[in-house]
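Okay, upload.txt now, which holds compact mmCIF, C-alpha atoms:
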# COMPACT_ATOMS: atom_id res chain seq x y z
CA MET W 1 78.48 178.73 -132.45
CA GLU W 2 75.96 179.77 -135.05
CA ASP W 3 76.90 176.64 -136.96
CA PHE W 4 75.30 174.64 -134.18
CA LEU W 5 72.02 176.54 -134.50
CA LYS W 6 72.05 176.25 -138.29
CA LYS W 7 72.75 172.53 -138.20
CA HIS W 8 70.04 171.95 -135.60
CA ILE W 9 67.37 173.76 -137.59
CA GLN W 10 68.43 172.38 -140.95
CA GLU W 11 67.79 168.85 -139.75
CA ILE W 12 64.14 169.71 -140.48
CA ILE W 13 63.94 172.76 -142.77
CA ASN W 14 66.19 174.55 -145.23
CA LEU W 15 66.82 178.25 -144.73
CA THR W 16 68.37 180.83 -147.03
CA ASP W 17 71.26 182.91 -145.68
CA ASP W 18 68.92 185.88 -145.18
CA GLU W 19 66.40 183.75 -143.32
CA PHE W 20 69.11 182.29 -141.15
CA GLU W 21 70.36 185.78 -140.37
CA MET W 22 66.92 186.62 -139.03
CA VAL W 23 66.91 183.43 -136.95
CA THR W 24 70.26 184.23 -135.34
CA SER W 25 69.19 187.81 -134.64
CA LEU W 26 66.30 186.51 -132.52
CA PHE W 27 68.19 183.91 -130.50
CA ARG W 28 70.46 184.86 -127.60
CA LYS W 29 73.37 182.78 -126.36
CA GLN W 30 73.69 182.20 -122.61
CA LYS W 31 76.07 180.32 -120.34
CA PHE W 32 75.19 178.81 -116.97
CA ARG W 33 77.24 177.02 -114.33
CA LYS W 34 76.30 173.70 -112.74
CA ARG W 35 73.39 174.17 -110.28
CA GLN W 36 72.41 177.58 -111.68
CA PHE W 37 68.74 178.06 -112.47
CA LEU W 38 67.39 179.09 -115.88
CA ILE W 39 63.88 179.14 -114.46
CA GLN W 40 62.83 179.26 -110.82
CA GLU W 41 59.30 178.58 -109.57
CA ASN W 42 56.53 181.19 -109.56
CA GLN W 43 58.21 183.48 -112.05
CA PRO W 44 57.28 184.62 -115.55
CA VAL W 45 58.77 182.28 -118.16
CA LYS W 46 60.16 184.39 -120.98
CA ASP W 47 62.20 181.91 -122.99
CA ILE W 48 62.57 178.40 -124.34
CA TYR W 49 66.11 177.04 -124.42
CA LEU W 50 68.00 174.91 -126.93
CA ILE W 51 71.00 173.16 -125.37
CA GLU W 52 74.34 173.38 -127.16
CA LYS W 53 76.45 171.98 -124.32
CA GLY W 54 75.72 170.46 -120.92
CA PHE W 55 72.88 168.61 -119.22
CA LEU W 56 69.84 170.25 -117.61
CA LYS W 57 66.68 169.15 -115.85
CA SER W 58 63.22 170.48 -115.20
CA SER W 59 61.62 169.42 -111.95
CA PHE W 60 58.63 169.91 -109.72
CA ILE W 61 58.97 170.26 -105.94
CA ASP W 62 55.93 168.82 -104.16
CA SER W 63 54.43 170.08 -100.88
CA THR W 64 56.71 167.77 -98.86
CA GLY W 65 59.80 169.25 -100.53
CA LYS W 66 60.47 166.19 -102.70
CA GLU W 67 61.83 166.81 -106.19
CA HIS W 68 60.18 165.05 -109.16
CA ILE W 69 62.06 165.11 -112.48
CA LEU W 70 59.85 166.09 -115.38
CA GLN W 71 62.53 166.24 -118.06
CA PHE W 72 66.24 165.94 -118.76
CA ALA W 73 67.83 167.88 -121.61
CA ALA W 74 71.04 166.99 -123.44
CA PRO W 75 72.71 168.83 -126.33
CA ASN W 76 70.24 169.42 -129.19
CA TRP W 77 67.24 169.17 -126.84
CA TRP W 78 64.84 171.96 -125.91
CA ILE W 79 63.84 172.76 -122.35
CA SER W 80 61.68 175.27 -120.48
CA ASP W 81 58.57 175.29 -118.34
CA PHE W 82 56.59 174.77 -121.55
CA ALA W 83 53.19 175.02 -119.84
CA ALA W 84 54.05 178.40 -118.34
CA PHE W 85 55.78 179.58 -121.54
CA PHE W 86 52.97 178.73 -123.96
CA LYS W 87 50.25 179.92 -121.59
CA GLN W 88 52.36 182.96 -120.60
CA ASP W 89 51.78 182.03 -116.98
CA LEU W 90 54.00 181.79 -113.90
CA SER W 91 56.33 178.78 -113.68
CA SER W 92 55.37 175.74 -111.64
CA VAL W 93 58.56 173.81 -112.41
CA ALA W 94 62.20 174.84 -112.13
CA VAL W 95 64.92 174.36 -114.76
CA ASP W 96 68.52 174.07 -113.60
CA CYS W 97 71.89 172.78 -114.74
CA ILE W 98 73.20 169.30 -113.92
CA GLU W 99 76.46 170.41 -115.60
CA ASN W 100 77.87 173.70 -116.88
CA ALA W 101 75.76 174.59 -119.91
CA GLU W 102 75.65 176.74 -123.04
CA VAL W 103 72.23 177.39 -124.49
CA TYR W 104 70.41 179.40 -127.13
CA CYS W 105 67.17 181.02 -126.03
CA ILE W 106 64.28 182.73 -127.77
CA SER W 107 61.41 184.70 -126.20
CA TYR W 108 57.68 184.12 -126.73
CA GLU W 109 57.34 187.31 -128.78
CA ASP W 110 60.37 186.54 -130.94
CA LEU W 111 59.23 182.96 -131.51
CA ASP W 112 55.89 184.34 -132.70
CA LEU W 113 57.61 186.90 -134.89
CA LEU W 114 59.90 184.28 -136.39
CA CYS W 115 57.01 181.93 -137.22
CA THR W 116 55.07 184.77 -138.81
CA LYS W 117 57.96 186.11 -140.88
CA ILE W 118 59.31 182.71 -141.93
CA PRO W 119 56.45 180.15 -142.04
CA LYS W 120 58.98 177.34 -142.55
CA THR W 121 60.11 177.89 -138.96
CA GLU W 122 56.53 177.29 -137.80
CA HIS W 123 56.86 173.93 -139.54
CA PHE W 124 60.14 173.30 -137.70
CA PHE W 125 58.52 173.96 -134.32
CA ARG W 126 55.42 171.89 -135.19
CA VAL W 127 57.61 168.91 -136.08
CA LYS W 128 59.64 169.35 -132.87
CA SER W 129 56.45 169.55 -130.83
CA ASN W 130 55.00 166.45 -132.52
CA PHE W 131 58.11 164.42 -131.78
CA GLY W 132 58.17 165.72 -128.22
CA TYR W 133 54.56 164.61 -127.87
CA ILE W 134 55.40 161.15 -129.18
CA ALA W 135 58.31 160.78 -126.73
CA LEU W 136 56.05 161.74 -123.81
CA GLN W 137 53.44 159.17 -124.90
CA GLN W 138 56.18 156.53 -124.88
CA ARG W 139 57.20 157.59 -121.37
CA ILE W 140 53.58 157.39 -120.18
CA LEU W 141 53.21 153.90 -121.65
CA SER W 142 56.40 152.91 -119.86
CA LEU W 143 55.15 154.38 -116.56
CA ILE W 144 51.74 152.66 -116.65
CA SER W 145 52.73 149.31 -118.15
CA LYS W 146 56.27 148.46 -117.04
CA SER W 147 58.10 147.47 -113.88
CA ALA W 148 60.79 149.67 -112.30
CA LYS W 149 63.44 147.34 -113.72
CA GLU W 150 62.03 147.48 -117.26
CA ARG W 151 61.73 151.27 -117.06
CA TYR W 152 65.38 151.58 -116.05
CA GLU W 153 66.47 149.24 -118.85
CA ASP W 154 64.37 151.20 -121.36
CA PHE W 155 65.98 154.42 -120.14
CA LEU W 156 69.51 153.03 -120.56
CA GLN W 157 68.69 151.78 -124.05
CA GLN W 158 66.90 154.94 -125.16
CA TYR W 159 69.42 157.41 -123.74
CA PRO W 160 72.73 155.53 -123.54
CA GLY W 161 74.78 158.72 -123.06
CA PHE W 162 72.81 159.98 -120.07
CA ILE W 163 74.08 157.62 -117.39
CA ASP W 164 77.54 159.25 -117.38
CA HIS W 165 76.11 162.72 -116.85
CA ILE W 166 73.13 162.28 -114.54
CA PRO W 167 73.29 161.12 -110.89
CA LYS W 168 71.36 157.88 -110.17
CA GLN W 169 69.12 159.66 -107.68
CA LEU W 170 67.81 161.95 -110.42
CA ILE W 171 67.27 159.03 -112.79
CA ALA W 172 65.29 157.24 -110.06
CA SER W 173 63.09 160.31 -109.66
CA TYR W 174 62.61 160.57 -113.45
CA LEU W 175 61.51 156.93 -113.55
CA GLY W 176 59.14 157.37 -110.62
CA VAL W 177 60.96 154.86 -108.42
CA SER W 178 62.80 155.36 -105.12
CA ARG W 179 66.60 155.55 -105.07
CA GLU W 180 66.52 152.43 -102.87
CA THR W 181 64.49 150.47 -105.42
CA LEU W 182 66.91 151.42 -108.18
CA SER W 183 69.88 150.45 -105.99
CA ARG W 184 68.31 147.09 -105.12
CA LEU W 185 67.85 146.31 -108.80
CA TYR W 186 71.43 147.19 -109.68
CA SER W 187 73.57 146.55 -106.63
CA MET T 1 28.51 169.41 -139.67
CA GLU T 2 31.03 171.72 -141.25
CA ASP T 3 30.08 174.29 -138.63
CA PHE T 4 31.71 172.03 -136.05
CA LEU T 5 34.99 171.91 -137.99
CA LYS T 6 34.94 175.67 -138.58
CA LYS T 7 34.26 176.43 -134.92
CA HIS T 8 36.98 174.04 -133.79
CA ILE T 9 39.64 175.57 -136.04
CA GLN T 10 38.55 179.16 -135.43
CA GLU T 11 39.24 178.78 -131.73
CA ILE T 12 42.87 179.32 -132.74
CA ILE T 13 43.04 180.86 -136.24
CA ASN T 14 40.76 182.84 -138.54
CA LEU T 15 40.13 181.52 -142.03
CA THR T 16 38.54 183.19 -145.04
CA ASP T 17 35.63 181.37 -146.74
CA ASP T 18 37.97 180.23 -149.54
CA GLU T 19 40.51 178.92 -147.06
CA PHE T 20 37.83 177.11 -145.12
CA GLU T 21 36.56 175.55 -148.34
CA MET T 22 40.00 174.07 -148.88
CA VAL T 23 40.05 172.77 -145.30
CA THR T 24 36.68 171.01 -145.69
CA SER T 25 37.74 169.53 -149.04
CA LEU T 26 40.65 167.76 -147.30
CA PHE T 27 38.79 166.38 -144.29
CA ARG T 28 36.53 163.33 -144.54
CA LYS T 29 33.62 162.58 -142.22
CA GLN T 30 33.34 159.06 -140.82
CA LYS T 31 30.97 157.24 -138.46
CA PHE T 32 31.90 154.33 -136.23
CA ARG T 33 29.89 152.14 -133.89
CA LYS T 34 30.85 151.34 -130.30
CA ARG T 35 33.75 148.82 -130.23
CA GLN T 36 34.74 149.44 -133.87
CA PHE T 37 38.39 150.13 -134.54
CA LEU T 38 39.71 153.22 -136.32
CA ILE T 39 43.24 151.83 -136.08
CA GLN T 40 44.31 148.26 -135.39
CA GLU T 41 47.84 147.22 -134.47
CA ASN T 42 50.57 146.63 -137.03
CA GLN T 43 48.86 148.53 -139.80
CA PRO T 44 49.80 151.68 -141.70
CA VAL T 45 48.30 154.78 -140.00
CA LYS T 46 46.87 157.03 -142.69
CA ASP T 47 44.85 159.53 -140.70
CA ILE T 48 44.49 161.64 -137.58
CA TYR T 49 40.96 162.01 -136.23
CA LEU T 50 39.06 164.93 -134.72
CA ILE T 51 36.08 163.79 -132.65
CA GLU T 52 32.73 165.48 -133.23
CA LYS T 53 30.63 163.01 -131.23
CA GLY T 54 31.40 160.04 -128.98
CA PHE T 55 34.26 158.80 -126.81
CA LEU T 56 37.30 156.88 -128.07
CA LYS T 57 40.49 155.43 -126.63
CA SER T 58 43.94 154.52 -127.80
CA SER T 59 45.56 151.58 -126.06
CA PHE T 60 48.56 149.31 -126.05
CA ILE T 61 48.23 145.55 -125.54
CA ASP T 62 51.29 144.14 -123.76
CA SER T 63 52.82 140.67 -124.26
CA THR T 64 50.56 139.20 -121.54
CA GLY T 65 47.46 140.50 -123.34
CA LYS T 66 46.80 143.28 -120.83
CA GLU T 67 45.40 146.55 -122.22
CA HIS T 68 47.04 149.85 -121.19
CA ILE T 69 45.14 153.06 -121.96
CA LEU T 70 47.32 155.69 -123.59
CA GLN T 71 44.63 158.26 -124.30
CA PHE T 72 40.91 158.98 -124.16
CA ALA T 73 39.32 161.33 -126.67
CA ALA T 74 36.09 163.27 -126.20
CA PRO T 75 34.38 165.69 -128.64
CA ASN T 76 36.86 168.36 -129.87
CA TRP T 77 39.86 166.12 -129.11
CA TRP T 78 42.23 164.59 -131.64
CA ILE T 79 43.25 160.95 -131.62
CA SER T 80 45.43 158.59 -133.67
CA ASP T 81 48.55 156.50 -133.23
CA PHE T 82 50.51 159.75 -133.45
CA ALA T 83 53.91 158.05 -133.33
CA ALA T 84 53.04 155.83 -136.29
CA PHE T 85 51.28 158.67 -138.14
CA PHE T 86 54.08 161.22 -137.89
CA LYS T 87 56.81 158.65 -138.53
CA GLN T 88 54.68 157.00 -141.26
CA ASP T 89 55.29 153.69 -139.54
CA LEU T 90 53.08 150.73 -138.60
CA SER T 91 50.78 151.18 -135.59
CA SER T 92 51.76 149.88 -132.18
CA VAL T 93 48.59 151.06 -130.46
CA ALA T 94 44.96 150.54 -131.37
CA VAL T 95 42.23 153.21 -131.47
CA ASP T 96 38.63 152.12 -130.90
CA CYS T 97 35.25 153.51 -129.89
CA ILE T 98 33.96 153.47 -126.30
CA GLU T 99 30.71 154.86 -127.74
CA ASN T 100 29.27 155.36 -131.22
CA ALA T 101 31.33 158.13 -132.78
CA GLU T 102 31.41 160.69 -135.57
CA VAL T 103 34.83 161.97 -136.55
CA TYR T 104 36.62 164.11 -139.12
CA CYS T 105 39.86 162.68 -140.47
CA ILE T 106 42.73 164.00 -142.56
CA SER T 107 45.59 162.05 -144.15
CA TYR T 108 49.32 162.70 -143.74
CA GLU T 109 49.62 163.97 -147.32
CA ASP T 110 46.58 166.24 -147.02
CA LEU T 111 47.76 167.61 -143.67
CA ASP T 112 51.07 168.47 -145.31
CA LEU T 113 49.33 170.02 -148.30
CA LEU T 114 47.05 172.07 -146.05
CA CYS T 115 49.95 173.42 -143.97
CA THR T 116 51.87 174.33 -147.13
CA LYS T 117 48.95 176.04 -148.86
CA ILE T 118 47.63 177.83 -145.78
CA PRO T 119 50.49 178.52 -143.32
CA LYS T 120 47.98 179.65 -140.68
CA THR T 121 46.86 176.02 -140.40
CA GLU T 122 50.45 175.04 -139.56
CA HIS T 123 50.13 177.49 -136.68
CA PHE T 124 46.87 175.81 -135.64
CA PHE T 125 48.50 172.39 -135.54
CA ARG T 126 51.60 173.70 -133.73
CA VAL T 127 49.44 175.24 -131.01
CA LYS T 128 47.41 172.00 -130.72
CA SER T 129 50.62 169.98 -130.47
CA ASN T 130 52.08 172.33 -127.83
CA PHE T 131 48.98 172.06 -125.68
CA GLY T 132 48.92 168.29 -126.14
CA TYR T 133 52.56 168.22 -125.00
CA ILE T 134 51.73 170.25 -121.91
CA ALA T 135 48.83 167.95 -121.00
CA LEU T 136 51.11 164.90 -121.27
CA GLN T 137 53.72 166.56 -119.04
CA GLN T 138 50.99 167.12 -116.44
CA ARG T 139 49.99 163.45 -116.67
CA ILE T 140 53.62 162.36 -116.23
CA LEU T 141 54.00 164.57 -113.16
CA SER T 142 50.84 163.04 -111.77
CA LEU T 143 52.10 159.49 -112.48
CA ILE T 144 55.50 160.00 -110.84
CA SER T 145 54.52 162.20 -107.91
CA LYS T 146 51.00 161.29 -106.80
CA SER T 147 49.20 158.41 -105.12
CA ALA T 148 46.51 156.37 -106.90
CA LYS T 149 43.85 158.24 -104.91
CA GLU T 150 45.24 161.67 -105.84
CA ARG T 151 45.52 160.64 -109.51
CA TYR T 152 41.87 159.56 -109.54
CA GLU T 153 40.77 162.80 -107.88
CA ASP T 154 42.83 164.84 -110.37
CA PHE T 155 41.22 162.92 -113.23
CA LEU T 156 37.70 163.61 -111.95
CA GLN T 157 38.49 167.28 -111.51
CA GLN T 158 40.26 167.70 -114.86
CA TYR T 159 37.74 165.73 -116.92
CA PRO T 160 34.43 165.94 -115.02
CA GLY T 161 32.38 164.76 -118.01
CA PHE T 162 34.37 161.57 -118.59
CA ILE T 163 33.12 159.46 -115.69
CA ASP T 164 29.65 159.07 -117.25
CA HIS T 165 31.08 157.79 -120.52
CA ILE T 166 34.06 155.66 -119.59
CA PRO T 167 33.95 152.36 -117.63
CA LYS T 168 35.89 152.39 -114.34
CA GLN T 169 38.15 149.58 -115.53
CA LEU T 170 39.43 151.76 -118.39
CA ILE T 171 39.96 154.72 -116.07
CA ALA T 172 41.97 152.47 -113.72
CA SER T 173 44.17 151.41 -116.64
CA TYR T 174 44.62 155.04 -117.75
CA LEU T 175 45.74 155.96 -114.22
CA GLY T 176 48.12 153.01 -114.02
CA VAL T 177 46.33 151.39 -111.06
CA SER T 178 44.48 148.08 -110.82
CA ARG T 179 40.67 147.98 -110.96
CA GLU T 180 40.79 146.52 -107.44
CA THR T 181 42.81 149.47 -106.10
CA LEU T 182 40.36 151.93 -107.62
CA SER T 183 37.42 150.00 -106.16
CA ARG T 184 39.02 149.90 -102.70
CA LEU T 185 39.46 153.66 -102.77
CA TYR T 186 35.86 154.32 -103.79
CA SER T 187 33.77 151.44 -102.51
Would you mind writing the file's structure down as structure tokens?
Amino acid sequence: MEDFLKKHIQEIINLTDDEFEMVTSLFRKQKFRKRQFLIQENQPVKDIYLIEKGFLKSSFIDSTGKEHILQFAAPNWWISDFAAFFKQDLSSVAVDCIENAEVYCISYEDLDLLCTKIPKTEHFFRVKSNFGYIALQQRILSLISKSAKERYEDFLQQYPGFIDHIPKQLIASYLGVSRETLSRLYS
Amino acid sequence: MEDFLKKHIQEIINLTDDEFEMVTSLFRKQKFRKRQFLIQENQPVKDIYLIEKGFLKSSFIDSTGKEHILQFAAPNWWISDFAAFFKQDLSSVAVDCIENAEVYCISYEDLDLLCTKIPKTEHFFRVKSNFGYIALQQRILSLISKSAKERYEDFLQQYPGFIDHIPKQLIASYLGVSRETLSRLYS
């Protein structure tokens, strides 16, 4: 299990055995079943989660009860209500499991401690955040400049493994199109 | 001038005079006139830019020649083609001035050097990146869950100072609606 964490982090930084021991001491391993929530709305958000196994989603429920998908997370991805976590505020989105999942989590205080004690890990999280930012800019460009069909094709090309794990209805919501529109395009 | 840079950075971290001297030695000050480009497409992206004065935009021109606004930047905001900068790739978006502008810029190599020499600055850039990520998630939620009218109202509320600096046509593009739709809503 710890091999997964080591491999994930060492894609960006190198750690000594002692440093890695500190990393593992601050992460906790958790298992969730399909449909279980890691974060529910209007609650304090204590942790960010790194996925080892399974597929998760974060979503926003609007005033009419409709679910809007903010993010999917596959193995090696991070998920949380990042706005609530970094602002230490109550959650406005929920995070739950599309499939049974195994995750590593770290709290706000421990993340801070880790970055202070081992500055290289601050670099790791800065790089992760930068690449997350870039991916969101790409998604925004896709949302404002492309048709529903092009967005779906982009999604399939960018995340070829997702289609086997994620129901079409959720993909439609992620792309900002109705389930009917997506069905019409691919019936 | 350097007071601006100091104040901007000290919103997140404290620097000693010696540390701040290193920071200022790595940033360069540049002035641009309205309509000048900081970054044109298909070119190496050497710098990220912190705005002291003026308004800028980054935009993507699609195959039909239509401009799509990825980002606006006001004083105290950062702008670049971040994807190209962090991947050290050629630009796919352009950055130009909506108004005359004064900016501070730092190169990829100098940013790296700064973060290595003064780990606190890595923290600064991680926090900036996290908050940028959060803002983009909010924009995505708005794009997938709200009507054109709601998006425009959100924009006005979130960025009350922008409407006096940015032509309506650019705001329409940023919101992913046509100029005609925006006019119909607010004629």
Report the closest atom pair, with its distance in Å rounded to one decimal, for each residue of chain T that has an atom no farther than 9 Å from chain W; count all atoms listed in the file, sort by chain and then rising residue number, and write it as JSON lines.
{"residue": "T:Phe60", "atom": "CA", "partner": "W:Leu141", "partner_atom": "CA", "distance": 7.9}
{"residue": "T:Asp62", "atom": "CA", "partner": "W:Ser145", "partner_atom": "CA", "distance": 7.8}
{"residue": "T:Lys66", "atom": "CA", "partner": "W:Ser145", "partner_atom": "CA", "distance": 8.9}
{"residue": "T:Glu67", "atom": "CA", "partner": "W:Ser145", "partner_atom": "CA", "distance": 8.8}
{"residue": "T:His68", "atom": "CA", "partner": "W:Ser145", "partner_atom": "CA", "distance": 6.5}
{"residue": "T:Ile69", "atom": "CA", "partner": "W:Leu141", "partner_atom": "CA", "distance": 8.1}
{"residue": "T:Leu70", "atom": "CA", "partner": "W:Leu141", "partner_atom": "CA", "distance": 6.5}
{"residue": "T:Gln71", "atom": "CA", "partner": "W:Gln137", "partner_atom": "CA", "distance": 8.9}
{"residue": "T:Phe82", "atom": "CA", "partner": "W:Ile134", "partner_atom": "CA", "distance": 6.6}
{"residue": "T:Ala83", "atom": "CA", "partner": "W:Ile134", "partner_atom": "CA", "distance": 5.4}
{"residue": "T:Phe86", "atom": "CA", "partner": "W:Asn130", "partner_atom": "CA", "distance": 7.6}
{"residue": "T:Lys87", "atom": "CA", "partner": "W:Phe131", "partner_atom": "CA", "distance": 9.0}
{"residue": "T:Cys115", "atom": "CA", "partner": "W:His123", "partner_atom": "CA", "distance": 8.2}
{"residue": "T:Thr116", "atom": "CA", "partner": "W:Lys120", "partner_atom": "CA", "distance": 9.0}
{"residue": "T:Pro119", "atom": "CA", "partner": "W:Pro119", "partner_atom": "CA", "distance": 6.3}
{"residue": "T:Lys120", "atom": "CA", "partner": "W:Pro119", "partner_atom": "CA", "distance": 8.6}
{"residue": "T:Glu122", "atom": "CA", "partner": "W:His123", "partner_atom": "CA", "distance": 6.5}
{"residue": "T:His123", "atom": "CA", "partner": "W:Glu122", "partner_atom": "CA", "distance": 6.5}
{"residue": "T:Phe125", "atom": "CA", "partner": "W:Arg126", "partner_atom": "CA", "distance": 6.9}
{"residue": "T:Arg126", "atom": "CA", "partner": "W:Arg126", "partner_atom": "CA", "distance": 4.5}
{"residue": "T:Val127", "atom": "CA", "partner": "W:Arg126", "partner_atom": "CA", "distance": 8.0}
{"residue": "T:Ser129", "atom": "CA", "partner": "W:Ser129", "partner_atom": "CA", "distance": 5.9}
{"residue": "T:Asn130", "atom": "CA", "partner": "W:Ser129", "partner_atom": "CA", "distance": 6.0}
{"residue": "T:Phe131", "atom": "CA", "partner": "W:Ala83", "partner_atom": "CA", "distance": 7.8}
{"residue": "T:Gly132", "atom": "CA", "partner": "W:Tyr133", "partner_atom": "CA", "distance": 7.0}
{"residue": "T:Tyr133", "atom": "CA", "partner": "W:Tyr133", "partner_atom": "CA", "distance": 5.0}
{"residue": "T:Ile134", "atom": "CA", "partner": "W:Ala83", "partner_atom": "CA", "distance": 5.4}
{"residue": "T:Ala135", "atom": "CA", "partner": "W:Ala83", "partner_atom": "CA", "distance": 8.4}
{"residue": "T:Leu136", "atom": "CA", "partner": "W:Leu136", "partner_atom": "CA", "distance": 6.4}
{"residue": "T:Gln137", "atom": "CA", "partner": "W:Leu70", "partner_atom": "CA", "distance": 7.2}
{"residue": "T:Gln138", "atom": "CA", "partner": "W:Ala83", "partner_atom": "CA", "distance": 8.9}
{"residue": "T:Arg139", "atom": "CA", "partner": "W:Ile140", "partner_atom": "CA", "distance": 7.9}
{"residue": "T:Ile140", "atom": "CA", "partner": "W:Ile140", "partner_atom": "CA", "distance": 6.3}
{"residue": "T:Leu141", "atom": "CA", "partner": "W:Leu70", "partner_atom": "CA", "distance": 6.4}
{"residue": "T:Leu143", "atom": "CA", "partner": "W:Leu143", "partner_atom": "CA", "distance": 7.2}
{"residue": "T:Ile144", "atom": "CA", "partner": "W:Gly176", "partner_atom": "CA", "distance": 4.5}
{"residue": "T:Ser145", "atom": "CA", "partner": "W:His68", "partner_atom": "CA", "distance": 6.5}
{"residue": "T:Ser173", "atom": "CA", "partner": "W:Ile144", "partner_atom": "CA", "distance": 7.7}
{"residue": "T:Tyr174", "atom": "CA", "partner": "W:Ile144", "partner_atom": "CA", "distance": 7.6}
{"residue": "T:Leu175", "atom": "CA", "partner": "W:Ile144", "partner_atom": "CA", "distance": 7.3}
{"residue": "T:Gly176", "atom": "CA", "partner": "W:Ile144", "partner_atom": "CA", "distance": 4.5}
{"residue": "T:Val177", "atom": "CA", "partner": "W:Ile144", "partner_atom": "CA", "distance": 7.9}
Review point. So how far away is atom CA of W:Phe72 from atom CA of W:Ser58, in Å?
Key: 6.5 Å
Specify the axis-aligned box that encloses all atoms of stretch 144-154 of chain T listed in the file after padding of 6 Å on each side, stating its centre and edge lengths in Å to one decimal as AutoDock Vina command-line options.
--center_x 48.1 --center_y 160.6 --center_z -107.9 --size_x 26.7 --size_y 20.5 --size_z 17.9
So which residues are close to (32.9, 160.1, -139.2), meaning at most 6 Å away in the file's coordinates with only C-alpha atoms counted, and can you show them as a short mmCIF file (atom, residue, chain, number, x, y, z; two decimals) with C-alpha atoms, keeping the file's coordinate frame?
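Once written, out03.cif looks like this:
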data_model
loop_
_atom_site.label_atom_id
_atom_site.label_comp_id
_atom_site.auth_asym_id
_atom_site.auth_seq_id
_atom_site.Cartn_x
_atom_site.Cartn_y
_atom_site.Cartn_z
CA LYS T 29 33.62 162.58 -142.22
CA GLN T 30 33.34 159.06 -140.82
CA LYS T 31 30.97 157.24 -138.46
CA GLU T 102 31.41 160.69 -135.57
CA VAL T 103 34.83 161.97 -136.55
CA TYR T 104 36.62 164.11 -139.12
#
Point to revise | Test item: residues at most 9 Å from stretch 15-22 of chain W, only C-alpha atoms, excluding those fewer than 2 positions along its chain, as a ChimeraX atom specification | key: /W:6,9-10,13,24-26,114,118,120-121
Check your understanding: Near T:Tyr49, within 9 Å and counting all atoms listed in the file, which residues show up once chain neighbours fewer than 5 positions away are dropped, as an NGL selection string?
Key -> :T and (38 or 77-80 or 103-106)
Exercise for review: Grab the atom CA of W:Leu56 to atom CA of W:Asp96 distance for me, in Å with one decimal place.
Suggested key: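 Straight-line distance from atom CA of W:Leu56 to atom CA of W:Asp96 works out to 5.7 Å.
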Check your understanding: Hey, can you check how far atom CA of T:Ala94 sits from atom CA of T:Phe155?
Key -> 22.3 Å
Point to revise | Residue contacts of W:Arg33 (10 Å, only C-alpha atoms) excluding same-chain residues fewer than 2 positions away, as a PyMOL selection string | key: chain W and resi 31+35-37+54+96-102
Output C-alpha atoms of each residue in that selection to a file, as a compact mmCIF listing (two decimals), keeping the file's coordinate frame.
# COMPACT_ATOMS: atom_id res chain seq x y z
CA LYS W 31 76.07 180.32 -120.34
CA ARG W 35 73.39 174.17 -110.28
CA GLN W 36 72.41 177.58 -111.68
CA PHE W 37 68.74 178.06 -112.47
CA GLY W 54 75.72 170.46 -120.92
CA ASP W 96 68.52 174.07 -113.60
CA CYS W 97 71.89 172.78 -114.74
CA ILE W 98 73.20 169.30 -113.92
CA GLU W 99 76.46 170.41 -115.60
CA ASN W 100 77.87 173.70 -116.88
CA ALA W 101 75.76 174.59 -119.91
CA GLU W 102 75.65 176.74 -123.04
Check your understanding: From the list T:Ile51, T:Thr64, T:Pro167, T:Ala172, which residue is nearest T:Glu153 when using all atoms listed in the file?
Key ->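 Among the listed residues, T:Ala172 lies closest to T:Glu153.
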Exercise for review: For T:Lys46, please output as a ChimeraX atom specification all residues within 8 Å (counting all atoms listed in the file; exclusion window: fewer than 3 positions along the same chain).
Suggested key: /T:85,88,107-108
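Between W:Thr181 and the candidates W:Glu109, W:Gln157, W:His165, W:Ser147, the tightest atom-to-atom separation, counting only C-alpha atoms, involves W:Ser147.
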